[in-house]
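K.L.:
After the structure tokens below, expect a handful of questions from me.
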Amino acid sequence: MSDLSIQEQRPDLPTSQPSLLSAQGLTVRFAGITALAEVSFEVQPGELFAVIGPNGAGKTSLFNVLSRVYQPAAGSVTFDGRNLLRLKTFQMARAGIARTFQNLGQFPHTTVLDYLLLGRHTRMRSGILLGGLYLGPTRNEEKKNRAYCMHILELVGLAGYYRYPLGSLPFGLQKRADLARALAMEPKLLLLDEPVAGMGLEESEDIAAIILDIKEQLGITQILVEHDMAMVMGIADRVLVLDFGRVIAQGLPAEVQANPEVIKAYLGESIGEQPSTSASAQVEASREQ
Amino acid sequence: MAFFIQLCFNGIALGCIYALIALGFTIIFKASEVINFAQGEFLLVGAYVVWAGVSEWNLNFFLAFLLGIAVTVITGVLFERLALRQMIGRPAFAVLMVTIGLDILLRTGVIIKWGGSNRTAASPFKLSSGFDTGGVHFGTSEIWTIIVTIVVCALLFVFFRFTKYGLAMRATAIDQEAALAIGINIRVVYALAWGIAGAIATIGGVFLGIQEITFDPTLGQIALLAFPAIILGGLDSVVGAVVGGILIGLTQDITAGYESHFANILGAGFHDIAPYILMIIILFIRPYGLFGTRKVERI
Amino acid sequence: MSVSDTTTSTLSIAKPPILLRAANRRGLLVLGLILLALFFLFASDQWLSIANYAMIAAIAALGLNVLAGYTGQISLGIAFFMAIGAYTAVWLGGDPTTTFFINARQVPAIGLGLSILIWLPASGIVAAIAGALIGPSALRLKGFYLGIVSLALIFIGRHIFVNAARLTGGPGGRTFPSPVFGSLDLSRQNDIFGIAVTSNQQFFLLLLPILALAAIFVSNVMRSRAGRAFQAVRDNETGAAIMGVNILQAKMGAFILSSFLAGIAGALFASYNEYVRPDYWSLVLSIEFVAAIIVGGIASVWGSILGATFVFALPQIIDQFNWLQQSSTSSGISSGDLNTALYGLLIILFLLFEPGGILGLINRIQLLARPLSNRMSKGGESSGPDSEPGPPFEVESSTLSAGNGTSLLAG
């Protein structure tokens, strides 16, 4: 745990700014396993906050709590001044939280455009009756939202695929479409679940670029769960490291990388004297031993 | 009081039939996540083959019984292999419909082969034999039904607990992918499940025929009443199937015994829907049945 | 980024699918109308009758598709809601002078003699209300649990209908009101502007617009927000919830719409058939509708219509032409049994080999009919991109800037 307060770590942030999301003492248990234990952290508006940790560390459980798929056994989460844990899963979107999926394949037959339009569900209003009659207001709503979604697709470079069913796209493009869908939800907080999992170097760079653009141009707060250390260290503002459900480090990327607890969690034993700038270099270092 | 005990006894005997049908449903459901709508018609086919064996081909009862079991086992295994295999990954509704299609084919097949008229069931017992005590008649057919059901349950218990393939079936029911990963031959598991279900169906069909004395191609409709049994017991619970079956049998017979007193409010023939009402009541309290487990959807 | 901040080029791609966009679609519509008019004028009464029954069935099939095909809820209960519609119709529109012989007494039947303009909409509304009452409990059940409870509805319903003899006529059934518009009673041949129009022709003119309205309504729902939510619930409930879809609300909406259509269809059937027994609303009827949407095409408006025609019209057409000889031997194989066996087989075959139903088959044939070179250039995918796909892998760091140099945050 870093001893520096948020203000000291990020002097560029206004000191009186309340955090967008604040988690205290989150604990999740199932079937005898404690997936999360007393996890606390804060995320500032506009920042890119990464959650990393070895396999089984509890990252997905944390995500599922934040996206209201799990209810924690203990702890609290405040989002935008509200108690997040009182929300049901479907209320999350309207509250301003959008989540991407780690494993795709939920909607293989849905076209890319329809998928984004599905993301617009909470921003549109027509119900069954209005939809069935398809009068002026519904027509306009459809047109406007379609155009909006096409715009987002153009920006992420998927406009030509708007009629393709999601399942027919290569995995990397599906992930990109999923990210576009999350953007279409006009969220205040974006939860990115392993956005580059399974991708090659170039694809990862493309997604990383999009994520940075979301931060710099749209100012949307993002919480990112990822395995790819190089990517995370390259783009994150602050990092939270979990291991066996507990927080073992929290702070700026450089600090976290140098933290001996973190190195131990990933590599097993304290290795080498020089803190390296990337995990791959650390692996190299350990091989030479 | 004797009347009530009589109703309970008959209800348990009927419930055993439901338990056998429900067991067939549950075993298939646990193995392949499918509700076999045609289970009642397996019963029908089994009953007819046994009857034909005795009446038309002059076999003795036990041989005919074995023949009936063989036919339904083969039908089940073939259906699983030829039809159900193609439906892997398809929505549950579609798979249900394939079994409904099989249901229709089996029933009309029986009608085409043997016609629609009433048949007297083949039975090794004399009509209305049994013993009486305290004003209650304990029929031989009913007693044997209960005994055979207990034997079947015991055999299944041993099978699932102590044999290699029983263990394999339980493992597959819990997690198919994991079972595959440790080398369980899923094809054999599926075939076994459908085969066992087919065999149990024939046993049920034969004893139902014995209890009812005559039957016709609508015999399979009894399976419709076994549905409440598996639902209130829990779709994936073997214990639930048996408990559910007995409960339904008891509900039906006890209700039938007393419903004439309430005919004005409840209407005639209330005992036919009492099982469904019981099922709905239980689902209100436990949406996955008495012993069923909640399914977790992955994202 | 605001919704109105878009370029005109994207607007042209983004038009929602409308029924009548391309010129050839318009041509097809005109052709269809001409064919229907010719049918109306020249078809024999028997053929009109077959068509009328098929159209009524199509309305119910649409209802079932809304619930099962689009929203993925397993339901075998459609016959129950059709019955509710029919009995609402006869309660409001039935002849008040009818009597039944119940329990050895002449009892007046229930019937208020109101006009079709009241009983027809009411039949849908009451069925929808029934759906709204049953929905909250039933729809909390998942998968097969829901399916079996819907089965229970049929049997419990049947029990109620058989026993509610003053309304339903008991096991013997009763007559249902025919549509009467002023002096025009559709169950009789009438002179309209001096031309003799048969009862079947009049029903044809009544049923066709009702079916068309239902089909257009459902089609509209499915291409708008609610329809997308339904299909998301079907495909992945948790995923849909993450999108913000209120799952229970969506299921309820589908259930209510489905019950409404079923109620209308039930009332129309009872009225057209003029006489219905309570055991008509059976599990077999529900299964016939499930077969209809599978054979026709799940989650498809045209599929519902084609499938209903197939399941409900085909047996009568076969009878018409005596394609299957009636067997009068003691083995008692009726053409009815062979019919049933036939469509049991067809259900299995369609499910195994053509999950898209008849519509899927048509699509497949259309694909094969396209010139080979055409398919090759589009990369083999029939729904290829209309414009050049954006360069996916040479994205620069400022990907989120629009092509003309403005950034997203520009006003």
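Chain labels follow the order of the structure tokens: the first chain is A, the next B, and so on; residue numbering restarts at 1 in every chain, and ligands are counted from 1 in their shown order.
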Quick one: pick out all helix (DSSP H, G or I) residues within segment 117-292 of chain C from a backbone DSSP run and write them as a short mmCIF file (atom, residue, chain, number, x, y, z; two decimals) with N, CA and C atoms, in the first residue's frame.

P.N.:
data_model
loop_
_atom_site.label_atom_id
_atom_site.label_comp_id
_atom_site.auth_asym_id
_atom_site.auth_seq_id
_atom_site.Cartn_x
_atom_site.Cartn_y
_atom_site.Cartn_z
N LEU C 117 -67.01 -4.80 -32.44
CA LEU C 117 -66.11 -3.69 -32.19
C LEU C 117 -65.73 -3.63 -30.71
N ILE C 118 -66.54 -4.28 -29.88
CA ILE C 118 -66.20 -4.36 -28.47
C ILE C 118 -65.52 -5.68 -28.16
N TRP C 119 -66.13 -6.79 -28.62
CA TRP C 119 -65.57 -8.06 -28.14
C TRP C 119 -64.24 -8.41 -28.73
N LEU C 120 -63.96 -7.96 -29.95
CA LEU C 120 -62.67 -8.35 -30.51
C LEU C 120 -61.49 -7.67 -29.80
N PRO C 121 -61.51 -6.35 -29.68
CA PRO C 121 -60.40 -5.76 -28.92
C PRO C 121 -60.36 -6.26 -27.47
N ALA C 122 -61.56 -6.44 -26.89
CA ALA C 122 -61.59 -6.90 -25.49
C ALA C 122 -60.93 -8.27 -25.36
N SER C 123 -61.11 -9.12 -26.36
CA SER C 123 -60.53 -10.46 -26.25
C SER C 123 -59.02 -10.36 -26.14
N GLY C 124 -58.46 -9.47 -26.91
CA GLY C 124 -57.01 -9.30 -26.82
C GLY C 124 -56.60 -8.69 -25.48
N ILE C 125 -57.37 -7.69 -25.06
CA ILE C 125 -57.01 -6.99 -23.83
C ILE C 125 -57.13 -7.90 -22.62
N VAL C 126 -58.22 -8.66 -22.54
CA VAL C 126 -58.38 -9.55 -21.38
C VAL C 126 -57.29 -10.62 -21.38
N ALA C 127 -56.97 -11.16 -22.54
CA ALA C 127 -55.88 -12.14 -22.59
C ALA C 127 -54.57 -11.49 -22.15
N ALA C 128 -54.37 -10.24 -22.55
CA ALA C 128 -53.15 -9.54 -22.14
C ALA C 128 -53.12 -9.35 -20.63
N ILE C 129 -54.28 -9.03 -20.07
CA ILE C 129 -54.36 -8.87 -18.62
C ILE C 129 -54.05 -10.20 -17.93
N ALA C 130 -54.59 -11.27 -18.48
CA ALA C 130 -54.27 -12.59 -17.91
C ALA C 130 -52.77 -12.80 -17.93
N GLY C 131 -52.14 -12.44 -19.04
CA GLY C 131 -50.69 -12.56 -19.12
C GLY C 131 -50.01 -11.69 -18.08
N ALA C 132 -50.53 -10.48 -17.87
CA ALA C 132 -49.91 -9.59 -16.90
C ALA C 132 -50.03 -10.13 -15.49
N LEU C 133 -51.13 -10.85 -15.22
CA LEU C 133 -51.30 -11.41 -13.87
C LEU C 133 -50.42 -12.62 -13.65
N ILE C 134 -50.33 -13.45 -14.68
CA ILE C 134 -49.56 -14.69 -14.53
C ILE C 134 -48.07 -14.42 -14.66
N GLY C 135 -47.73 -13.43 -15.47
CA GLY C 135 -46.34 -13.16 -15.80
C GLY C 135 -45.37 -13.03 -14.63
N PRO C 136 -45.65 -12.13 -13.69
CA PRO C 136 -44.65 -11.89 -12.65
C PRO C 136 -44.19 -13.15 -11.92
N SER C 137 -45.08 -14.07 -11.67
CA SER C 137 -44.64 -15.31 -11.03
C SER C 137 -43.99 -16.24 -12.03
N ALA C 138 -44.67 -16.43 -13.15
CA ALA C 138 -44.18 -17.42 -14.11
C ALA C 138 -42.82 -17.05 -14.67
N GLY C 143 -36.13 -21.40 -18.15
CA GLY C 143 -36.05 -22.54 -19.05
C GLY C 143 -37.20 -23.50 -18.95
N PHE C 144 -36.88 -24.76 -18.71
CA PHE C 144 -37.90 -25.79 -18.72
C PHE C 144 -38.89 -25.64 -17.57
N TYR C 145 -38.47 -25.03 -16.48
CA TYR C 145 -39.42 -24.82 -15.39
C TYR C 145 -40.59 -23.98 -15.89
N LEU C 146 -40.27 -22.94 -16.66
CA LEU C 146 -41.32 -22.11 -17.22
C LEU C 146 -42.15 -22.92 -18.21
N GLY C 147 -41.47 -23.72 -19.01
CA GLY C 147 -42.17 -24.51 -20.02
C GLY C 147 -43.21 -25.43 -19.39
N ILE C 148 -42.84 -26.08 -18.32
CA ILE C 148 -43.77 -27.02 -17.71
C ILE C 148 -44.90 -26.27 -17.02
N VAL C 149 -44.60 -25.12 -16.45
CA VAL C 149 -45.69 -24.35 -15.83
C VAL C 149 -46.67 -23.88 -16.90
N SER C 150 -46.16 -23.56 -18.09
CA SER C 150 -47.08 -23.16 -19.14
C SER C 150 -47.94 -24.35 -19.57
N LEU C 151 -47.35 -25.53 -19.49
CA LEU C 151 -48.12 -26.75 -19.73
C LEU C 151 -49.24 -26.88 -18.71
N ALA C 152 -48.89 -26.58 -17.45
CA ALA C 152 -49.89 -26.67 -16.38
C ALA C 152 -51.05 -25.73 -16.66
N LEU C 153 -50.75 -24.56 -17.24
CA LEU C 153 -51.80 -23.60 -17.58
C LEU C 153 -52.84 -24.24 -18.47
N ILE C 154 -52.37 -25.01 -19.45
CA ILE C 154 -53.30 -25.64 -20.38
C ILE C 154 -54.26 -26.56 -19.63
N PHE C 155 -53.68 -27.40 -18.76
CA PHE C 155 -54.54 -28.38 -18.09
C PHE C 155 -55.46 -27.72 -17.08
N ILE C 156 -54.91 -26.77 -16.32
CA ILE C 156 -55.76 -26.07 -15.36
C ILE C 156 -56.83 -25.29 -16.10
N GLY C 157 -56.43 -24.66 -17.19
CA GLY C 157 -57.39 -23.92 -18.00
C GLY C 157 -58.51 -24.83 -18.49
N ARG C 158 -58.12 -25.96 -19.02
CA ARG C 158 -59.10 -26.89 -19.53
C ARG C 158 -60.10 -27.29 -18.45
N HIS C 159 -59.56 -27.57 -17.27
CA HIS C 159 -60.43 -27.93 -16.16
C HIS C 159 -61.43 -26.82 -15.87
N ILE C 160 -60.94 -25.58 -15.83
CA ILE C 160 -61.83 -24.45 -15.56
C ILE C 160 -62.86 -24.31 -16.66
N PHE C 161 -62.41 -24.40 -17.91
CA PHE C 161 -63.35 -24.18 -19.01
C PHE C 161 -64.42 -25.25 -19.05
N VAL C 162 -64.03 -26.50 -18.83
CA VAL C 162 -65.04 -27.56 -18.88
C VAL C 162 -66.07 -27.36 -17.76
N ASN C 163 -65.60 -26.84 -16.64
CA ASN C 163 -66.52 -26.70 -15.52
C ASN C 163 -67.33 -25.40 -15.54
N ALA C 165 -69.57 -24.09 -17.16
CA ALA C 165 -70.46 -24.47 -18.25
C ALA C 165 -71.33 -23.34 -18.74
N ARG C 166 -71.70 -22.42 -17.86
CA ARG C 166 -72.59 -21.36 -18.32
C ARG C 166 -71.90 -20.45 -19.31
N LEU C 167 -70.60 -20.40 -19.24
CA LEU C 167 -69.88 -19.56 -20.20
C LEU C 167 -69.46 -20.36 -21.43
N THR C 168 -68.97 -21.57 -21.16
CA THR C 168 -68.34 -22.31 -22.24
C THR C 168 -69.22 -23.37 -22.86
N GLY C 170 -69.84 -26.09 -21.29
CA GLY C 170 -69.42 -27.37 -20.75
C GLY C 170 -68.72 -28.21 -21.82
N PRO C 171 -68.58 -29.50 -21.57
CA PRO C 171 -67.83 -30.34 -22.51
C PRO C 171 -68.40 -30.32 -23.91
N GLY C 172 -69.68 -30.01 -24.03
CA GLY C 172 -70.28 -30.02 -25.36
C GLY C 172 -69.96 -28.78 -26.18
N SER C 199 -69.75 -15.49 -47.40
CA SER C 199 -69.29 -15.33 -46.03
C SER C 199 -67.77 -15.46 -45.97
N ASN C 200 -67.24 -16.49 -46.66
CA ASN C 200 -65.79 -16.68 -46.62
C ASN C 200 -65.05 -15.49 -47.21
N GLN C 201 -65.62 -14.91 -48.27
CA GLN C 201 -64.96 -13.75 -48.85
C GLN C 201 -64.97 -12.58 -47.87
N GLN C 202 -66.09 -12.42 -47.17
CA GLN C 202 -66.15 -11.33 -46.22
C GLN C 202 -65.16 -11.52 -45.09
N PHE C 203 -65.05 -12.77 -44.61
CA PHE C 203 -64.07 -13.03 -43.57
C PHE C 203 -62.66 -12.75 -44.08
N PHE C 204 -62.42 -13.12 -45.33
CA PHE C 204 -61.11 -12.87 -45.93
C PHE C 204 -60.79 -11.39 -45.85
N LEU C 205 -61.77 -10.54 -46.21
CA LEU C 205 -61.54 -9.11 -46.17
C LEU C 205 -61.37 -8.59 -44.74
N LEU C 206 -61.97 -9.27 -43.79
CA LEU C 206 -61.81 -8.86 -42.39
C LEU C 206 -60.46 -9.30 -41.85
N LEU C 207 -60.09 -10.56 -42.14
CA LEU C 207 -58.90 -11.13 -41.52
C LEU C 207 -57.61 -10.58 -42.11
N LEU C 208 -57.63 -10.33 -43.41
CA LEU C 208 -56.37 -9.91 -44.06
C LEU C 208 -55.81 -8.63 -43.44
N PRO C 209 -56.60 -7.56 -43.31
CA PRO C 209 -56.01 -6.37 -42.68
C PRO C 209 -55.62 -6.58 -41.22
N ILE C 210 -56.38 -7.41 -40.49
CA ILE C 210 -56.00 -7.65 -39.10
C ILE C 210 -54.64 -8.33 -39.05
N LEU C 211 -54.46 -9.35 -39.88
CA LEU C 211 -53.17 -10.02 -39.91
C LEU C 211 -52.08 -9.06 -40.33
N ALA C 212 -52.37 -8.24 -41.35
CA ALA C 212 -51.35 -7.32 -41.83
C ALA C 212 -50.94 -6.34 -40.72
N LEU C 213 -51.93 -5.83 -40.01
CA LEU C 213 -51.63 -4.90 -38.92
C LEU C 213 -50.77 -5.59 -37.86
N ALA C 214 -51.16 -6.81 -37.49
CA ALA C 214 -50.40 -7.53 -36.47
C ALA C 214 -48.97 -7.74 -36.93
N ALA C 215 -48.82 -8.15 -38.19
CA ALA C 215 -47.49 -8.43 -38.71
C ALA C 215 -46.64 -7.17 -38.74
N ILE C 216 -47.22 -6.08 -39.19
CA ILE C 216 -46.45 -4.83 -39.25
C ILE C 216 -46.09 -4.36 -37.85
N PHE C 217 -47.02 -4.49 -36.92
CA PHE C 217 -46.75 -4.08 -35.55
C PHE C 217 -45.59 -4.86 -34.97
N VAL C 218 -45.66 -6.18 -35.10
CA VAL C 218 -44.59 -7.02 -34.54
C VAL C 218 -43.26 -6.70 -35.23
N SER C 219 -43.32 -6.55 -36.52
CA SER C 219 -42.09 -6.25 -37.25
C SER C 219 -41.49 -4.93 -36.76
N ASN C 220 -42.34 -3.94 -36.56
CA ASN C 220 -41.85 -2.66 -36.05
C ASN C 220 -41.23 -2.79 -34.67
N VAL C 221 -41.92 -3.52 -33.81
CA VAL C 221 -41.38 -3.69 -32.46
C VAL C 221 -39.98 -4.28 -32.52
N MET C 222 -39.83 -5.29 -33.39
CA MET C 222 -38.57 -6.01 -33.40
C MET C 222 -37.42 -5.21 -33.98
N ARG C 225 -36.27 -0.36 -30.20
CA ARG C 225 -35.60 -0.58 -28.92
C ARG C 225 -36.12 -1.80 -28.17
N ALA C 226 -37.46 -1.94 -28.08
CA ALA C 226 -38.02 -3.05 -27.31
C ALA C 226 -37.63 -4.39 -27.91
N GLY C 227 -37.68 -4.47 -29.23
CA GLY C 227 -37.35 -5.72 -29.89
C GLY C 227 -35.91 -6.12 -29.67
N ARG C 228 -35.03 -5.15 -29.70
CA ARG C 228 -33.62 -5.45 -29.45
C ARG C 228 -33.45 -5.99 -28.04
N ALA C 229 -34.19 -5.40 -27.12
CA ALA C 229 -34.11 -5.88 -25.74
C ALA C 229 -34.61 -7.31 -25.64
N PHE C 230 -35.72 -7.62 -26.31
CA PHE C 230 -36.25 -9.00 -26.28
C PHE C 230 -35.19 -9.98 -26.73
N GLN C 231 -34.58 -9.68 -27.86
CA GLN C 231 -33.63 -10.63 -28.42
C GLN C 231 -32.38 -10.74 -27.56
N ALA C 232 -32.01 -9.64 -26.91
CA ALA C 232 -30.87 -9.71 -26.00
C ALA C 232 -31.20 -10.61 -24.82
N VAL C 233 -32.43 -10.52 -24.32
CA VAL C 233 -32.83 -11.39 -23.20
C VAL C 233 -32.73 -12.84 -23.64
N ARG C 234 -33.14 -13.11 -24.87
CA ARG C 234 -33.07 -14.48 -25.37
C ARG C 234 -31.62 -14.95 -25.47
N ASP C 235 -30.77 -14.09 -25.99
CA ASP C 235 -29.40 -14.53 -26.27
C ASP C 235 -28.56 -14.66 -25.01
N GLU C 237 -29.08 -13.39 -20.86
CA GLU C 237 -29.77 -12.53 -19.90
C GLU C 237 -28.82 -11.62 -19.14
N THR C 238 -27.72 -12.19 -18.65
CA THR C 238 -26.81 -11.36 -17.86
C THR C 238 -26.22 -10.26 -18.74
N GLY C 239 -25.85 -10.62 -19.95
CA GLY C 239 -25.32 -9.62 -20.87
C GLY C 239 -26.33 -8.52 -21.13
N ALA C 240 -27.59 -8.91 -21.31
CA ALA C 240 -28.63 -7.92 -21.55
C ALA C 240 -28.76 -6.99 -20.35
N ALA C 241 -28.68 -7.55 -19.15
CA ALA C 241 -28.81 -6.71 -17.95
C ALA C 241 -27.66 -5.71 -17.90
N ILE C 242 -26.50 -6.13 -18.31
CA ILE C 242 -25.36 -5.22 -18.31
C ILE C 242 -25.58 -4.07 -19.28
N ILE C 247 -34.71 -7.05 -17.17
CA ILE C 247 -35.06 -8.36 -17.71
C ILE C 247 -36.52 -8.72 -17.46
N LEU C 248 -36.96 -8.55 -16.23
CA LEU C 248 -38.32 -8.95 -15.92
C LEU C 248 -39.32 -8.12 -16.71
N GLN C 249 -39.04 -6.83 -16.83
CA GLN C 249 -39.92 -5.96 -17.58
C GLN C 249 -39.99 -6.38 -19.05
N ALA C 250 -38.83 -6.72 -19.59
CA ALA C 250 -38.80 -7.14 -20.99
C ALA C 250 -39.61 -8.42 -21.19
N LYS C 251 -39.40 -9.38 -20.31
CA LYS C 251 -40.15 -10.63 -20.44
C LYS C 251 -41.64 -10.39 -20.29
N MET C 252 -42.00 -9.54 -19.34
CA MET C 252 -43.42 -9.23 -19.14
C MET C 252 -44.00 -8.60 -20.40
N GLY C 253 -43.26 -7.66 -20.98
CA GLY C 253 -43.75 -7.01 -22.18
C GLY C 253 -44.00 -8.01 -23.30
N ALA C 254 -43.04 -8.91 -23.47
CA ALA C 254 -43.20 -9.92 -24.52
C ALA C 254 -44.39 -10.82 -24.22
N PHE C 255 -44.52 -11.18 -22.96
CA PHE C 255 -45.61 -12.07 -22.55
C PHE C 255 -46.96 -11.41 -22.81
N ILE C 256 -47.07 -10.11 -22.47
CA ILE C 256 -48.34 -9.42 -22.63
C ILE C 256 -48.68 -9.26 -24.11
N LEU C 257 -47.70 -8.87 -24.90
CA LEU C 257 -47.95 -8.72 -26.33
C LEU C 257 -48.36 -10.06 -26.94
N SER C 258 -47.64 -11.11 -26.54
CA SER C 258 -47.92 -12.44 -27.05
C SER C 258 -49.34 -12.88 -26.67
N SER C 259 -49.70 -12.63 -25.42
CA SER C 259 -51.04 -13.05 -24.98
C SER C 259 -52.12 -12.26 -25.70
N PHE C 260 -51.85 -10.97 -25.94
CA PHE C 260 -52.82 -10.13 -26.67
C PHE C 260 -53.11 -10.73 -28.03
N LEU C 261 -52.05 -11.04 -28.78
CA LEU C 261 -52.24 -11.59 -30.12
C LEU C 261 -52.94 -12.94 -30.05
N ALA C 262 -52.55 -13.75 -29.06
CA ALA C 262 -53.19 -15.06 -28.94
C ALA C 262 -54.68 -14.90 -28.65
N GLY C 263 -55.02 -13.93 -27.80
CA GLY C 263 -56.42 -13.71 -27.48
C GLY C 263 -57.23 -13.31 -28.71
N ILE C 264 -56.68 -12.41 -29.49
CA ILE C 264 -57.37 -11.98 -30.72
C ILE C 264 -57.57 -13.19 -31.64
N ALA C 265 -56.50 -13.97 -31.78
CA ALA C 265 -56.61 -15.13 -32.67
C ALA C 265 -57.65 -16.11 -32.15
N GLY C 266 -57.67 -16.33 -30.85
CA GLY C 266 -58.65 -17.25 -30.29
C GLY C 266 -60.07 -16.79 -30.53
N ALA C 267 -60.30 -15.49 -30.34
CA ALA C 267 -61.65 -14.97 -30.55
C ALA C 267 -62.05 -15.08 -32.02
N LEU C 268 -61.12 -14.76 -32.93
CA LEU C 268 -61.42 -14.85 -34.35
C LEU C 268 -61.69 -16.29 -34.75
N PHE C 269 -60.88 -17.21 -34.20
CA PHE C 269 -61.11 -18.61 -34.55
C PHE C 269 -62.50 -19.06 -34.12
N ALA C 270 -62.82 -18.74 -32.87
CA ALA C 270 -64.11 -19.20 -32.35
C ALA C 270 -65.25 -18.60 -33.15
N SER C 271 -65.08 -17.33 -33.52
CA SER C 271 -66.12 -16.67 -34.28
C SER C 271 -66.26 -17.28 -35.68
N TYR C 272 -65.14 -17.52 -36.32
CA TYR C 272 -65.17 -18.06 -37.68
C TYR C 272 -65.68 -19.50 -37.69
N ASN C 273 -65.21 -20.26 -36.74
CA ASN C 273 -65.59 -21.67 -36.66
C ASN C 273 -67.02 -21.84 -36.19
N PRO C 278 -64.50 -26.91 -25.30
CA PRO C 278 -63.35 -26.53 -24.48
C PRO C 278 -62.11 -27.39 -24.70
N ASP C 279 -62.29 -28.65 -25.10
CA ASP C 279 -61.07 -29.45 -25.26
C ASP C 279 -60.33 -29.14 -26.57
N TYR C 280 -60.82 -28.18 -27.33
CA TYR C 280 -60.06 -27.73 -28.49
C TYR C 280 -58.78 -27.02 -28.06
N LEU C 283 -53.13 -29.14 -25.36
CA LEU C 283 -51.68 -29.17 -25.50
C LEU C 283 -51.31 -29.40 -26.97
N VAL C 284 -52.10 -30.24 -27.63
CA VAL C 284 -51.83 -30.53 -29.04
C VAL C 284 -51.87 -29.24 -29.85
N LEU C 285 -52.83 -28.38 -29.55
CA LEU C 285 -52.92 -27.11 -30.28
C LEU C 285 -51.68 -26.26 -30.04
N SER C 286 -51.25 -26.18 -28.79
CA SER C 286 -50.04 -25.42 -28.49
C SER C 286 -48.85 -25.97 -29.23
N ILE C 287 -48.75 -27.29 -29.25
CA ILE C 287 -47.62 -27.92 -29.93
C ILE C 287 -47.68 -27.62 -31.42
N GLU C 288 -48.90 -27.59 -31.98
CA GLU C 288 -49.01 -27.26 -33.41
C GLU C 288 -48.44 -25.88 -33.68
N PHE C 289 -48.67 -24.95 -32.76
CA PHE C 289 -48.12 -23.61 -32.98
C PHE C 289 -46.61 -23.58 -32.83
N VAL C 290 -46.10 -24.35 -31.87
CA VAL C 290 -44.64 -24.42 -31.74
C VAL C 290 -44.04 -25.00 -33.01
N ALA C 291 -44.69 -26.05 -33.51
CA ALA C 291 -44.22 -26.63 -34.77
C ALA C 291 -44.26 -25.59 -35.88
N ALA C 292 -45.34 -24.78 -35.88
CA ALA C 292 -45.49 -23.79 -36.94
C ALA C 292 -44.33 -22.80 -36.94
#

K.L.:
Please check the contacts: residues of chain B at most 9 Å away from chain C, using only C-alpha atoms, listed as a PyMOL selection string.

P.N.:
chain B and resi 34-35+83-84+86-87+90-95+97-109+111-117+224+227-228+231+235+266-270+272-274+276-277+279-280+283-284+287-289+297-299

K.L.:
What is the distance, in Å and to one decimal place, between atom CA of His109 of chain A and atom CA of Gly131 of chain A?

P.N.:
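Atom CA of Gly131 of chain A lies 21.7 Å from atom CA of His109 of chain A.
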
K.L.:
So how far away is atom CA of Thr172 of chain B from atom CA of Phe159 of chain B, in Å?

P.N.:
14.7 Å

K.L.:
Using DSSP on the backbone coordinates, identify the residues of segment 34-239 of chain B assigned to strand (DSSP E); present them as a PyMOL selection string.

P.N.:
chain B and resi 119-120+130-133+136-139+214-215

K.L.:
Which is closest to chain A among C:Leu38, C:Ile110, C:Val245, C:Ala58, if we use only C-alpha atoms?

P.N.:
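The answer is C:Val245, which sits nearest to chain A.
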
K.L.:
Which is closest to Tyr266 of chain A among A:Leu26, A:Ala254, A:His227, A:Pro45, if we use only C-alpha atoms?

P.N.:
A:His227

K.L.:
Pick from C:Met243, C:Ile293, C:Ile192, C:Leu184: nearest to chain A, with only C-alpha atoms counted?

P.N.:
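Counting only C-alpha atoms, the residue closest to chain A is C:Met243.
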
K.L.:
Nearest to chain C among A:Gln257, A:Ser126, A:Gln250, A:Ser204, with distances taken over only C-alpha atoms: which residue is it?

P.N.:
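Of A:Gln257, A:Ser126, A:Gln250, A:Ser204, the one nearest chain C is A:Ser126, counting only C-alpha atoms.
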
K.L.:
With a cut-off of 8 Å, could you pull out the residues of chain A touching chain B and give me the nearest pair of atoms for each, distance in Å to one decimal, using only C-alpha atoms, ordered by chain and ascending number, as a Markdown table?

P.N.:
| residue | atom | partner | partner_atom | distance |
| --- | --- | --- | --- | --- |
| A:Phe101 | CA | B:Ile299 | CA | 7.4 |
| A:Asn103 | CA | B:Ile299 | CA | 7.1 |
| A:Gln106 | CA | B:Ile299 | CA | 7.1 |

K.L.:
Store the residues of this selection in a file with C-alpha atoms, as an mmCIF file, in the first residue's frame.

P.N.:
data_model
loop_
_atom_site.group_PDB
_atom_site.id
_atom_site.type_symbol
_atom_site.label_atom_id
_atom_site.label_comp_id
_atom_site.auth_asym_id
_atom_site.auth_seq_id
_atom_site.Cartn_x
_atom_site.Cartn_y
_atom_site.Cartn_z
ATOM 1 C CA PHE A 101 -16.834 -8.492 -21.749
ATOM 2 C CA ASN A 103 -15.122 -13.594 -23.251
ATOM 3 C CA GLN A 106 -22.941 -13.554 -25.788
#
